[in-house]
Amino acid sequence: MNLKLLFIFGTRPEAIKMAPVIKEFHNNSPFDVKVCVTAQHRQMLDQVLNFFNIKPDYDLNLMRPNQSLFDITANSLIALERVLELEKPDFIFVQGDTTTAFVGALAGFYKKIKVAHIEAGLRSGNKYSPFPEEINRVLLGHIADYHFAPTEKAKENLLNENIKNNVYVVGNTVIDALHLGLKFIEENEQLKSKIEKYFTSELKIENSKLILVTGHRRENFGRYFENICFALREIAKNNKDLEIIYPVHLNPNVRDPVDRILRGTNNIHLVEPLEYPYLLWLMNKSYLVLTDSGGIQEEAPSLGKPVLVLREVTERMEGIEAGTAKLIGTDKNKIVNEVEDLLKDIYKYEKMSKAVNPYGDGNASSRIVDIIKNLTTV
Ligand code: UD1
Ligand code: UDP
């Protein structure tokens with residue numbers, strides 16, 4: 001009988017990073033592949049499911065407006081019990097550090113099902129940053145039976161916590177997704193011209209110098225987010241030739257300060273979350289990226305885009321060490337100065353804009369499939 005694999009995820013980044021793995025397992029039956037989404041995110045998850053054409057077997061539809069960590073933790077744990085009882089999978093796959101990922105693993109443990117963790121081993125060393133993701137990931141590391149680390153550094157982090165068995169360095173599946181996404185745009189003329197039309201006709205940013213901004217981390221809520229917005233407003237005012245494109249996360253804690261402080265500034269475009277291929281197109285056209293996002297810190301180096309990371313610490317040091325990303329925090333003047341520096345100092349800019357791949361080569365998914373196949377044929 002085929003081995004049954006159950007993929008559990010709930011948010012946009014998990015969906016993006018799981019999609020290539022699910023596709024690879026689909027192309028390599030003898031596996032029975034099932035997908036359960038908690039829908040911790042709704043619209044932002046659906047955008048990705050549509051693009052990658054993934055149809056979940058279970059949709060727990062849990063997202064509530066402005067949900068708390070308690071809501072999503074408790075509701076997904078309860079709902080997953082029934083799914084596991086119905087499906088009785090041999091393996092559960094979870095990805096990253098979200099609450100869905102942690103709870104998916106915990107549910108698997110309660111049912112004594114083997115848990116495989118994709119993107120294992122990232123650590124910032126600060127339990128409150130990223131919050132609650134650092135602790136989600138630590139707990140997940142101790143629950144999981146198979147650990148797919150994206151880099152050697154991630155593997156070392158696991159070894160330092162005495163997690164030694166079944167640790168594999170495979171690269172980050174986000175690079176597989178990036179390759180899939182870029183290939184799809186390249187091969188699909190209709191999509192390509194739709195994307196170009198959106199940016200050129202609707203946003204009218206054809207020949208401008210672009211800065212892509214995203215932000216959503218819980219530890220930045222409140223005055224740190226306000227600082228970021230005040231900095232963006234000053235940068236936009238000082239540099240009229242710049243266009244800042246900011247796809248705003250749907251979390252109300254993000255949207256409120258962004259709307260209040262930035263709405264109405266001429267060269268700042270506040271747009272809805274972009275579908276993945278639109279985001280990739282935009283990143284590719286951008287001069288630089290300002291973000292607190294994990295996934296974007298990983299994608300941008302591959303495209304040779306400098307990233308200024310709007311956080312005090314990061315669990316993704318590889319980009320910083322490669323010199324394509326810089327940790328700049330959330331102080332308003334610091335953000336303004338760092339951006340102005342990269343706009344004026346071409347030497348500094350060019351040093352940061354070299355394409356490097358510290359997070360993978362685009363083959364992480366096939367490595368994961370091979371490892372699981374080998375495990376199950378011995
Ligand atoms: C979650 C993850 C975070 C991940 C991020 C990716 C946790 C605790 N947080 O944070 O690790 O980096 O997703 O974006 O797991 N909302 C919508 N529609 C959507 C998505 C969100 O309206 O499609 C709004 C809702 O009001 C929701 C709120 O955003 O309650 C917060 O969503 P939630 O998943 O709890 O937190 P994120 O900040 O998105
Ligand atoms: N992304 C997207 N549309 C957007 C913003 C981001 O498709 O408007 C993609 C981005 O390319 C990356 C992922 O979403 O692959 C990152 O998600 P997010 O920043 O929400 O979460 P994190 O990576 O910080 O957990």
# chains A, B, ... in the order shown; residues from 1 in each chain; ligands from 1
>>> closest_atom_pairs(of="chain A", to="ligand 1", cutoff="10 Å", atoms="only C-alpha atoms and all ligand atoms", output="CSV")
residue,atom,partner,partner_atom_place_in_ligand_line,distance
A:Gly10,CA,ligand 1,34 (O),7.9
A:Thr11,CA,ligand 1,13 (O),5.5
A:Arg12,CA,ligand 1,14 (O),5.8
A:Pro13,CA,ligand 1,6 (C),5.7
A:Glu14,CA,ligand 1,6 (C),8.0
A:Ala39,CA,ligand 1,23 (O),8.1
A:Gln40,CA,ligand 1,34 (O),5.1
A:His41,CA,ligand 1,20 (C),3.9
A:Arg42,CA,ligand 1,23 (O),3.9
A:Gln43,CA,ligand 1,23 (O),3.8
A:Met44,CA,ligand 1,23 (O),3.8
A:Leu45,CA,ligand 1,23 (O),5.9
A:Asp46,CA,ligand 1,23 (O),7.6
A:Gln47,CA,ligand 1,23 (O),8.7
A:Leu62,CA,ligand 1,30 (O),9.4
A:Met63,CA,ligand 1,30 (O),6.0
A:Arg64,CA,ligand 1,30 (O),5.0
A:Pro65,CA,ligand 1,26 (O),3.4
A:Asn66,CA,ligand 1,30 (O),3.4
A:Gln67,CA,ligand 1,30 (O),3.9
A:Ser68,CA,ligand 1,35 (O),6.2
A:Leu69,CA,ligand 1,8 (C),6.0
A:Phe70,CA,ligand 1,8 (C),9.5
A:Asp71,CA,ligand 1,35 (O),8.6
A:Ile72,CA,ligand 1,35 (O),6.9
A:Thr73,CA,ligand 1,8 (C),8.6
A:Gly96,CA,ligand 1,11 (O),8.2
A:Asp97,CA,ligand 1,11 (O),5.9
A:Thr98,CA,ligand 1,15 (O),3.4
A:Thr99,CA,ligand 1,15 (O),3.9
A:Thr100,CA,ligand 1,15 (O),6.1
A:Ala101,CA,ligand 1,15 (O),7.7
A:Phe102,CA,ligand 1,15 (O),8.5
A:Val103,CA,ligand 1,15 (O),9.7
A:Pro130,CA,ligand 1,11 (O),8.1
A:Phe131,CA,ligand 1,8 (C),7.4
A:Pro132,CA,ligand 1,8 (C),5.8
A:Glu133,CA,ligand 1,11 (O),5.6
A:Glu134,CA,ligand 1,11 (O),9.2
A:Asn136,CA,ligand 1,8 (C),8.5
A:Thr214,CA,ligand 1,14 (O),10.0
A:Gly215,CA,ligand 1,14 (O),8.8
A:His216,CA,ligand 1,38 (O),5.6
A:Arg217,CA,ligand 1,38 (O),6.1
A:Arg218,CA,ligand 1,38 (O),6.2
A:Glu219,CA,ligand 1,38 (O),9.9
A:Phe221,CA,ligand 1,38 (O),9.7
A:His249,CA,ligand 1,14 (O),7.1
A:Leu250,CA,ligand 1,16 (N),4.5
A:Asn251,CA,ligand 1,29 (O),3.2
A:Pro252,CA,ligand 1,26 (O),5.9
A:Asn253,CA,ligand 1,29 (O),7.9
A:Val254,CA,ligand 1,38 (O),8.4
A:Arg255,CA,ligand 1,29 (O),9.4
A:Pro273,CA,ligand 1,23 (O),8.8
A:Asp292,CA,ligand 1,12 (O),9.1
A:Ser293,CA,ligand 1,12 (O),6.7
A:Gly294,CA,ligand 1,12 (O),6.9
A:Gly295,CA,ligand 1,12 (O),8.4
>>> select_by_dssp(residues="region 190-370 of chain A", states="helix (DSSP H, G or I)", output="PyMOL selection string")
chain A and resi 190-202+218-220+223-238+252-262+276-285+294-302+317-322+332-344+346-352+364-370
>>> write_last_selection(atoms="C-alpha atoms", output="mmCIF file, in the first residue's frame")
data_model
loop_
_atom_site.group_PDB
_atom_site.id
_atom_site.type_symbol
_atom_site.label_atom_id
_atom_site.label_comp_id
_atom_site.auth_asym_id
_atom_site.auth_seq_id
_atom_site.Cartn_x
_atom_site.Cartn_y
_atom_site.Cartn_z
ATOM 1 C CA GLN A 190 -0.811 36.227 -21.191
ATOM 2 C CA LEU A 191 0.099 36.331 -17.503
ATOM 3 C CA LYS A 192 3.269 38.266 -18.245
ATOM 4 C CA SER A 193 1.451 40.982 -20.135
ATOM 5 C CA LYS A 194 -1.269 41.112 -17.446
ATOM 6 C CA ILE A 195 1.386 41.678 -14.798
ATOM 7 C CA GLU A 196 3.204 44.287 -16.886
ATOM 8 C CA LYS A 197 -0.056 46.060 -17.617
ATOM 9 C CA TYR A 198 -0.920 46.210 -13.932
ATOM 10 C CA PHE A 199 2.368 47.866 -13.022
ATOM 11 C CA THR A 200 2.666 50.118 -16.054
ATOM 12 C CA SER A 201 -0.927 51.162 -16.759
ATOM 13 C CA GLU A 202 -2.547 50.960 -13.336
ATOM 14 C CA ARG A 218 4.122 40.981 15.522
ATOM 15 C CA GLU A 219 7.184 42.271 17.395
ATOM 16 C CA ASN A 220 7.091 45.403 15.191
ATOM 17 C CA ARG A 223 5.511 52.363 17.475
ATOM 18 C CA TYR A 224 8.064 50.330 15.491
ATOM 19 C CA PHE A 225 5.634 50.109 12.588
ATOM 20 C CA GLU A 226 4.920 53.807 12.933
ATOM 21 C CA ASN A 227 8.675 54.524 12.776
ATOM 22 C CA ILE A 228 8.916 52.495 9.577
ATOM 23 C CA CYS A 229 6.015 54.439 8.057
ATOM 24 C CA PHE A 230 7.440 57.837 9.061
ATOM 25 C CA ALA A 231 10.758 56.808 7.504
ATOM 26 C CA LEU A 232 9.053 55.765 4.259
ATOM 27 C CA ARG A 233 7.195 59.066 4.113
ATOM 28 C CA GLU A 234 10.436 61.008 4.516
ATOM 29 C CA ILE A 235 12.261 58.898 1.910
ATOM 30 C CA ALA A 236 9.407 59.433 -0.558
ATOM 31 C CA LYS A 237 9.396 63.192 0.036
ATOM 32 C CA ASN A 238 13.190 63.523 -0.318
ATOM 33 C CA PRO A 252 -5.362 45.190 10.823
ATOM 34 C CA ASN A 253 -2.403 45.863 13.144
ATOM 35 C CA VAL A 254 -0.390 46.541 10.000
ATOM 36 C CA ARG A 255 -3.038 48.249 7.895
ATOM 37 C CA ASP A 256 -4.077 50.830 10.490
ATOM 38 C CA PRO A 257 -0.712 52.647 10.885
ATOM 39 C CA VAL A 258 0.145 52.216 7.206
ATOM 40 C CA ASP A 259 -3.142 53.830 6.133
ATOM 41 C CA ARG A 260 -2.981 56.564 8.744
ATOM 42 C CA ILE A 261 0.602 57.607 8.003
ATOM 43 C CA LEU A 262 1.178 56.813 4.335
ATOM 44 C CA TYR A 276 2.942 35.499 -6.030
ATOM 45 C CA PRO A 277 3.935 36.016 -9.705
ATOM 46 C CA TYR A 278 3.187 39.741 -9.424
ATOM 47 C CA LEU A 279 5.354 39.942 -6.338
ATOM 48 C CA LEU A 280 8.197 38.126 -8.096
ATOM 49 C CA TRP A 281 7.950 40.418 -11.119
ATOM 50 C CA LEU A 282 8.017 43.461 -8.857
ATOM 51 C CA MET A 283 10.954 42.211 -6.804
ATOM 52 C CA ASN A 284 12.858 41.571 -9.997
ATOM 53 C CA LYS A 285 12.265 45.152 -11.173
ATOM 54 C CA GLY A 294 11.377 35.860 6.218
ATOM 55 C CA GLY A 295 10.601 34.604 2.721
ATOM 56 C CA ILE A 296 11.533 37.840 1.003
ATOM 57 C CA GLN A 297 14.902 37.865 2.809
ATOM 58 C CA GLU A 298 15.490 34.485 1.153
ATOM 59 C CA GLU A 299 14.215 35.285 -2.342
ATOM 60 C CA ALA A 300 15.847 38.683 -2.878
ATOM 61 C CA PRO A 301 19.513 37.517 -2.774
ATOM 62 C CA SER A 302 18.745 35.058 -5.583
ATOM 63 C CA MET A 317 21.976 35.343 8.845
ATOM 64 C CA GLU A 318 23.170 33.752 5.598
ATOM 65 C CA GLY A 319 22.052 36.723 3.460
ATOM 66 C CA ILE A 320 23.656 39.165 5.889
ATOM 67 C CA GLU A 321 26.920 37.218 5.831
ATOM 68 C CA ALA A 322 26.833 37.044 2.032
ATOM 69 C CA LYS A 332 13.313 56.130 11.672
ATOM 70 C CA ASN A 333 16.554 58.046 11.046
ATOM 71 C CA LYS A 334 18.543 54.858 10.622
ATOM 72 C CA ILE A 335 16.116 53.619 7.948
ATOM 73 C CA VAL A 336 16.182 56.955 6.100
ATOM 74 C CA ASN A 337 20.000 57.099 6.204
ATOM 75 C CA GLU A 338 20.497 53.515 5.050
ATOM 76 C CA VAL A 339 18.151 53.970 2.095
ATOM 77 C CA GLU A 340 19.675 57.334 1.108
ATOM 78 C CA ASP A 341 23.105 55.714 1.286
ATOM 79 C CA LEU A 342 22.126 52.983 -1.154
ATOM 80 C CA LEU A 343 20.498 55.515 -3.471
ATOM 81 C CA LYS A 344 23.622 57.698 -3.604
ATOM 82 C CA ILE A 346 26.739 53.271 -6.250
ATOM 83 C CA TYR A 347 29.782 51.383 -4.996
ATOM 84 C CA LYS A 348 27.921 50.273 -1.836
ATOM 85 C CA TYR A 349 24.846 49.457 -3.897
ATOM 86 C CA GLU A 350 26.741 47.302 -6.355
ATOM 87 C CA LYS A 351 28.453 45.414 -3.560
ATOM 88 C CA MET A 352 25.045 44.484 -2.139
ATOM 89 C CA ALA A 364 15.297 21.128 -2.270
ATOM 90 C CA SER A 365 11.962 19.462 -3.038
ATOM 91 C CA SER A 366 13.450 16.638 -5.085
ATOM 92 C CA ARG A 367 16.015 16.015 -2.335
ATOM 93 C CA ILE A 368 13.207 15.743 0.212
ATOM 94 C CA VAL A 369 11.318 13.281 -1.990
ATOM 95 C CA ASP A 370 14.472 11.165 -2.498
#
>>> residues_around(residues="Val313 (chain A)", least_positions_apart="5", cutoff="8 Å", atoms="only C-alpha atoms", output="PyMOL selection string")
chain A and resi 124+126+129-130+327+329
>>> write_last_selection(atoms="N, CA, C and O atoms", output="PDB file, in the first residue's frame")
ATOM      1  N   SER A 124      16.979  32.666  15.919  1.00  0.00           N
ATOM      2  CA  SER A 124      17.481  34.030  16.151  1.00  0.00           C
ATOM      3  C   SER A 124      18.178  34.097  17.504  1.00  0.00           C
ATOM      4  O   SER A 124      18.961  34.992  17.759  1.00  0.00           O
ATOM      5  N   ASN A 126      16.559  34.740  20.191  1.00  0.00           N
ATOM      6  CA  ASN A 126      15.772  35.660  21.021  1.00  0.00           C
ATOM      7  C   ASN A 126      14.326  35.163  21.044  1.00  0.00           C
ATOM      8  O   ASN A 126      13.650  35.165  20.012  1.00  0.00           O
ATOM      9  N   SER A 129      11.680  37.402  19.451  1.00  0.00           N
ATOM     10  CA  SER A 129      11.867  37.987  18.119  1.00  0.00           C
ATOM     11  C   SER A 129      12.528  36.973  17.178  1.00  0.00           C
ATOM     12  O   SER A 129      13.685  36.639  17.396  1.00  0.00           O
ATOM     13  N   PRO A 130      11.860  36.490  16.153  1.00  0.00           N
ATOM     14  CA  PRO A 130      10.481  36.787  15.827  1.00  0.00           C
ATOM     15  C   PRO A 130       9.514  36.115  16.812  1.00  0.00           C
ATOM     16  O   PRO A 130       9.765  34.998  17.255  1.00  0.00           O
ATOM     17  N   LEU A 327      20.922  44.181   8.356  1.00  0.00           N
ATOM     18  CA  LEU A 327      19.949  44.290   9.443  1.00  0.00           C
ATOM     19  C   LEU A 327      19.952  45.734   9.919  1.00  0.00           C
ATOM     20  O   LEU A 327      20.966  46.208  10.439  1.00  0.00           O
ATOM     21  N   GLY A 329      17.057  47.389  11.671  1.00  0.00           N
ATOM     22  CA  GLY A 329      16.147  47.727  12.775  1.00  0.00           C
ATOM     23  C   GLY A 329      15.000  48.618  12.344  1.00  0.00           C
ATOM     24  O   GLY A 329      14.651  48.684  11.154  1.00  0.00           O
TER      25      GLY A 329
END
>>> atom_distance(atom1="CA of Lys114 (chain A)", atom2="CA of Arg82 (chain A)")
17.1 Å
>>> residues_around(residues="Leu288 (chain A)", least_positions_apart="5", cutoff="7 Å", atoms="only C-alpha atoms", output="JSON, numbers by chain")
{"A": [211, 212, 305, 306, 307]}
>>> write_last_selection(atoms="all heavy atoms", output="PDB file, in the first residue's frame")
ATOM      1  N   ILE A 211      11.219  50.895  -5.019  1.00  0.00           N
ATOM      2  CA  ILE A 211      11.550  50.233  -3.743  1.00  0.00           C
ATOM      3  C   ILE A 211      10.341  49.396  -3.344  1.00  0.00           C
ATOM      4  O   ILE A 211       9.212  49.900  -3.290  1.00  0.00           O
ATOM      5  CB  ILE A 211      11.880  51.248  -2.637  1.00  0.00           C
ATOM      6  CG1 ILE A 211      13.128  52.050  -3.015  1.00  0.00           C
ATOM      7  CG2 ILE A 211      12.088  50.538  -1.304  1.00  0.00           C
ATOM      8  CD1 ILE A 211      13.657  52.932  -1.905  1.00  0.00           C
ATOM      9  N   LEU A 212      10.592  48.110  -3.102  1.00  0.00           N
ATOM     10  CA  LEU A 212       9.526  47.217  -2.629  1.00  0.00           C
ATOM     11  C   LEU A 212       9.581  47.178  -1.102  1.00  0.00           C
ATOM     12  O   LEU A 212      10.663  46.992  -0.530  1.00  0.00           O
ATOM     13  CB  LEU A 212       9.756  45.812  -3.212  1.00  0.00           C
ATOM     14  CG  LEU A 212       8.980  44.663  -2.570  1.00  0.00           C
ATOM     15  CD1 LEU A 212       7.471  44.825  -2.753  1.00  0.00           C
ATOM     16  CD2 LEU A 212       9.434  43.317  -3.148  1.00  0.00           C
ATOM     17  N   LYS A 305      18.977  41.412  -5.382  1.00  0.00           N
ATOM     18  CA  LYS A 305      18.377  42.648  -4.869  1.00  0.00           C
ATOM     19  C   LYS A 305      18.815  42.893  -3.431  1.00  0.00           C
ATOM     20  O   LYS A 305      18.586  42.045  -2.560  1.00  0.00           O
ATOM     21  CB  LYS A 305      16.844  42.562  -4.908  1.00  0.00           C
ATOM     22  CG  LYS A 305      16.289  42.307  -6.287  1.00  0.00           C
ATOM     23  CD  LYS A 305      16.644  43.419  -7.240  1.00  0.00           C
ATOM     24  CE  LYS A 305      16.293  43.060  -8.662  1.00  0.00           C
ATOM     25  NZ  LYS A 305      16.699  44.092  -9.614  1.00  0.00           N
ATOM     26  N   PRO A 306      19.413  44.050  -3.163  1.00  0.00           N
ATOM     27  CA  PRO A 306      19.791  44.362  -1.776  1.00  0.00           C
ATOM     28  C   PRO A 306      18.558  44.406  -0.878  1.00  0.00           C
ATOM     29  O   PRO A 306      17.514  44.924  -1.293  1.00  0.00           O
ATOM     30  CB  PRO A 306      20.402  45.766  -1.876  1.00  0.00           C
ATOM     31  CG  PRO A 306      20.748  45.962  -3.301  1.00  0.00           C
ATOM     32  CD  PRO A 306      19.793  45.109  -4.093  1.00  0.00           C
ATOM     33  N   VAL A 307      18.692  43.868   0.323  1.00  0.00           N
ATOM     34  CA  VAL A 307      17.570  43.882   1.271  1.00  0.00           C
ATOM     35  C   VAL A 307      17.983  44.608   2.540  1.00  0.00           C
ATOM     36  O   VAL A 307      19.000  44.258   3.142  1.00  0.00           O
ATOM     37  CB  VAL A 307      17.170  42.446   1.694  1.00  0.00           C
ATOM     38  CG1 VAL A 307      15.924  42.485   2.587  1.00  0.00           C
ATOM     39  CG2 VAL A 307      16.913  41.571   0.507  1.00  0.00           C
TER      40      VAL A 307
END
>>> atom_distance(atom1="atom 20 (O, counted along the ligand's line) of ligand 2", atom2="CA of Ile268 (chain A)")
19.9 Å
>>> atom_distance(atom1="CA of Asp361 (chain A)", atom2="CA of Ser29 (chain A)")
23.6 Å
>>> residues_around(residues="Leu270 (chain A)", least_positions_apart="5", cutoff="8 Å", atoms="only C-alpha atoms", output="number ranges by chain")
A: 245-248, 262-263
>>> residues_around(residues="region 371-376 of chain A", least_positions_apart="2", cutoff="12 Å", atoms="only C-alpha atoms", output="compact mmCIF listing (two decimals) with N, CA and C atoms, in the first residue's frame")
# COMPACT_ATOMS: atom_id res chain seq x y z
N MET A 1 0.83 -1.20 0.00
CA MET A 1 0.00 0.00 0.00
C MET A 1 0.87 1.26 0.00
N ASN A 2 0.40 2.30 -0.73
CA ASN A 2 1.16 3.55 -0.77
C ASN A 2 1.24 4.19 0.61
N LEU A 3 2.39 4.85 0.84
CA LEU A 3 2.51 5.61 2.08
C LEU A 3 1.66 6.87 1.98
N LYS A 4 0.97 7.18 3.07
CA LYS A 4 0.12 8.38 3.04
C LYS A 4 0.84 9.56 3.72
N LEU A 5 0.95 10.66 2.96
CA LEU A 5 1.59 11.86 3.49
C LEU A 5 0.53 12.94 3.64
N VAL A 21 7.07 21.14 -3.04
CA VAL A 21 7.26 19.81 -2.42
C VAL A 21 6.05 18.94 -2.74
N GLU A 24 6.27 17.86 -6.29
CA GLU A 24 7.30 16.84 -6.49
C GLU A 24 6.81 15.47 -6.00
N PHE A 25 6.13 15.44 -4.86
CA PHE A 25 5.60 14.16 -4.38
C PHE A 25 4.51 13.63 -5.32
N ASN A 28 5.85 11.82 -8.18
CA ASN A 28 6.66 10.67 -7.79
C ASN A 28 5.86 9.65 -7.02
N SER A 29 4.62 9.36 -7.48
CA SER A 29 3.89 8.35 -6.72
C SER A 29 4.81 7.15 -6.63
N PRO A 30 4.94 6.43 -5.68
CA PRO A 30 3.97 5.67 -4.88
C PRO A 30 3.48 6.36 -3.60
N PHE A 31 3.27 7.65 -3.59
CA PHE A 31 2.78 8.25 -2.37
C PHE A 31 1.31 8.65 -2.52
N ASP A 90 0.78 8.29 7.42
CA ASP A 90 2.05 7.74 7.91
C ASP A 90 3.02 8.85 8.28
N PHE A 91 2.94 9.95 7.54
CA PHE A 91 3.81 11.11 7.80
C PHE A 91 2.97 12.38 7.76
N ILE A 92 3.34 13.32 8.65
CA ILE A 92 2.79 14.67 8.54
C ILE A 92 3.94 15.58 8.12
N PHE A 93 3.68 16.45 7.16
CA PHE A 93 4.66 17.46 6.75
C PHE A 93 4.20 18.84 7.21
N LYS A 114 4.62 10.13 12.46
CA LYS A 114 5.93 10.72 12.17
C LYS A 114 5.76 12.12 11.59
N VAL A 115 6.57 13.05 12.09
CA VAL A 115 6.48 14.44 11.65
C VAL A 115 7.75 14.84 10.91
N ALA A 116 7.57 15.38 9.70
CA ALA A 116 8.71 15.89 8.93
C ALA A 116 8.61 17.41 8.89
N ASP A 145 10.40 14.29 13.68
CA ASP A 145 11.23 13.09 13.52
C ASP A 145 12.22 13.25 12.37
N TYR A 146 11.87 14.07 11.38
CA TYR A 146 12.74 14.32 10.22
C TYR A 146 12.88 15.82 10.06
N HIS A 147 14.13 16.26 9.87
CA HIS A 147 14.41 17.69 9.87
C HIS A 147 15.05 18.07 8.55
N PHE A 148 14.36 18.84 7.73
CA PHE A 148 14.94 19.29 6.46
C PHE A 148 15.46 20.71 6.65
N ASN A 166 18.32 12.12 11.79
CA ASN A 166 17.49 12.47 10.63
C ASN A 166 17.49 13.97 10.30
N VAL A 167 18.68 14.56 10.36
CA VAL A 167 18.82 15.97 9.97
C VAL A 167 19.46 16.01 8.59
N TYR A 168 18.79 16.63 7.63
CA TYR A 168 19.28 16.67 6.24
C TYR A 168 19.35 18.11 5.76
N VAL A 169 20.48 18.48 5.17
CA VAL A 169 20.56 19.82 4.56
C VAL A 169 20.11 19.71 3.11
N VAL A 170 19.04 20.38 2.76
CA VAL A 170 18.47 20.20 1.41
C VAL A 170 18.32 21.52 0.64
N ALA A 364 15.56 21.63 -3.62
CA ALA A 364 15.30 21.13 -2.27
C ALA A 364 14.17 20.09 -2.28
N SER A 365 13.13 20.36 -3.07
CA SER A 365 11.96 19.46 -3.04
C SER A 365 12.34 18.06 -3.51
N SER A 366 13.12 17.99 -4.59
CA SER A 366 13.45 16.64 -5.09
C SER A 366 14.36 15.92 -4.09
N ARG A 367 15.20 16.68 -3.37
CA ARG A 367 16.01 16.02 -2.33
C ARG A 367 15.12 15.45 -1.24
N ILE A 368 14.11 16.21 -0.85
CA ILE A 368 13.21 15.74 0.21
C ILE A 368 12.50 14.46 -0.24
N VAL A 369 12.02 14.47 -1.48
CA VAL A 369 11.32 13.28 -1.99
C VAL A 369 12.27 12.08 -1.99
N VAL A 378 14.02 1.03 2.55
CA VAL A 378 15.01 0.20 3.24
C VAL A 378 14.35 -0.82 4.15
>>> closest_residue(among="A:Val271, A:Leu106, A:Ile135, A:Ala149", to="ligand 2", atoms="only C-alpha atoms and all ligand atoms")
A:Val271
>>> closest_residue(among="A:Lys240, A:Lys112, A:Lys204, A:Lys17", to="ligand 2", atoms="only C-alpha atoms and all ligand atoms")
A:Lys17
>>> select_by_dssp(residues="region 141-279 of chain A", states="strand (DSSP E or B)", output="list in words")
Tyr146, His147, Phe148, Ala149, Val167, Tyr168, Val169, Lys209, Leu210, Ile211, Leu212, Val213, Thr214, Leu242, Glu243, Ile244, Ile245, Tyr246, Pro247, Ile268, His269, Leu270 and Val271 of chain A
>>> residues_around(residues="Met18 (chain A)", least_positions_apart="4", cutoff="8 Å", atoms="only C-alpha atoms", output="ChimeraX atom specification")
/A:14,22,95,173
>>> closest_residue(among="A:Glu119, A:Asp345, A:Glu186, A:Asp57", to="ligand 2", atoms="only C-alpha atoms and all ligand atoms")
A:Glu119
>>> closest_residue(among="A:Leu274, A:Ala74, A:Ala177, A:Leu139", to="ligand 2", atoms="only C-alpha atoms and all ligand atoms")
A:Leu274
>>> closest_residue(among="A:Asn172, A:Asp32, A:Thr38, A:Glu87", to="ligand 2", atoms="only C-alpha atoms and all ligand atoms")
A:Asn172
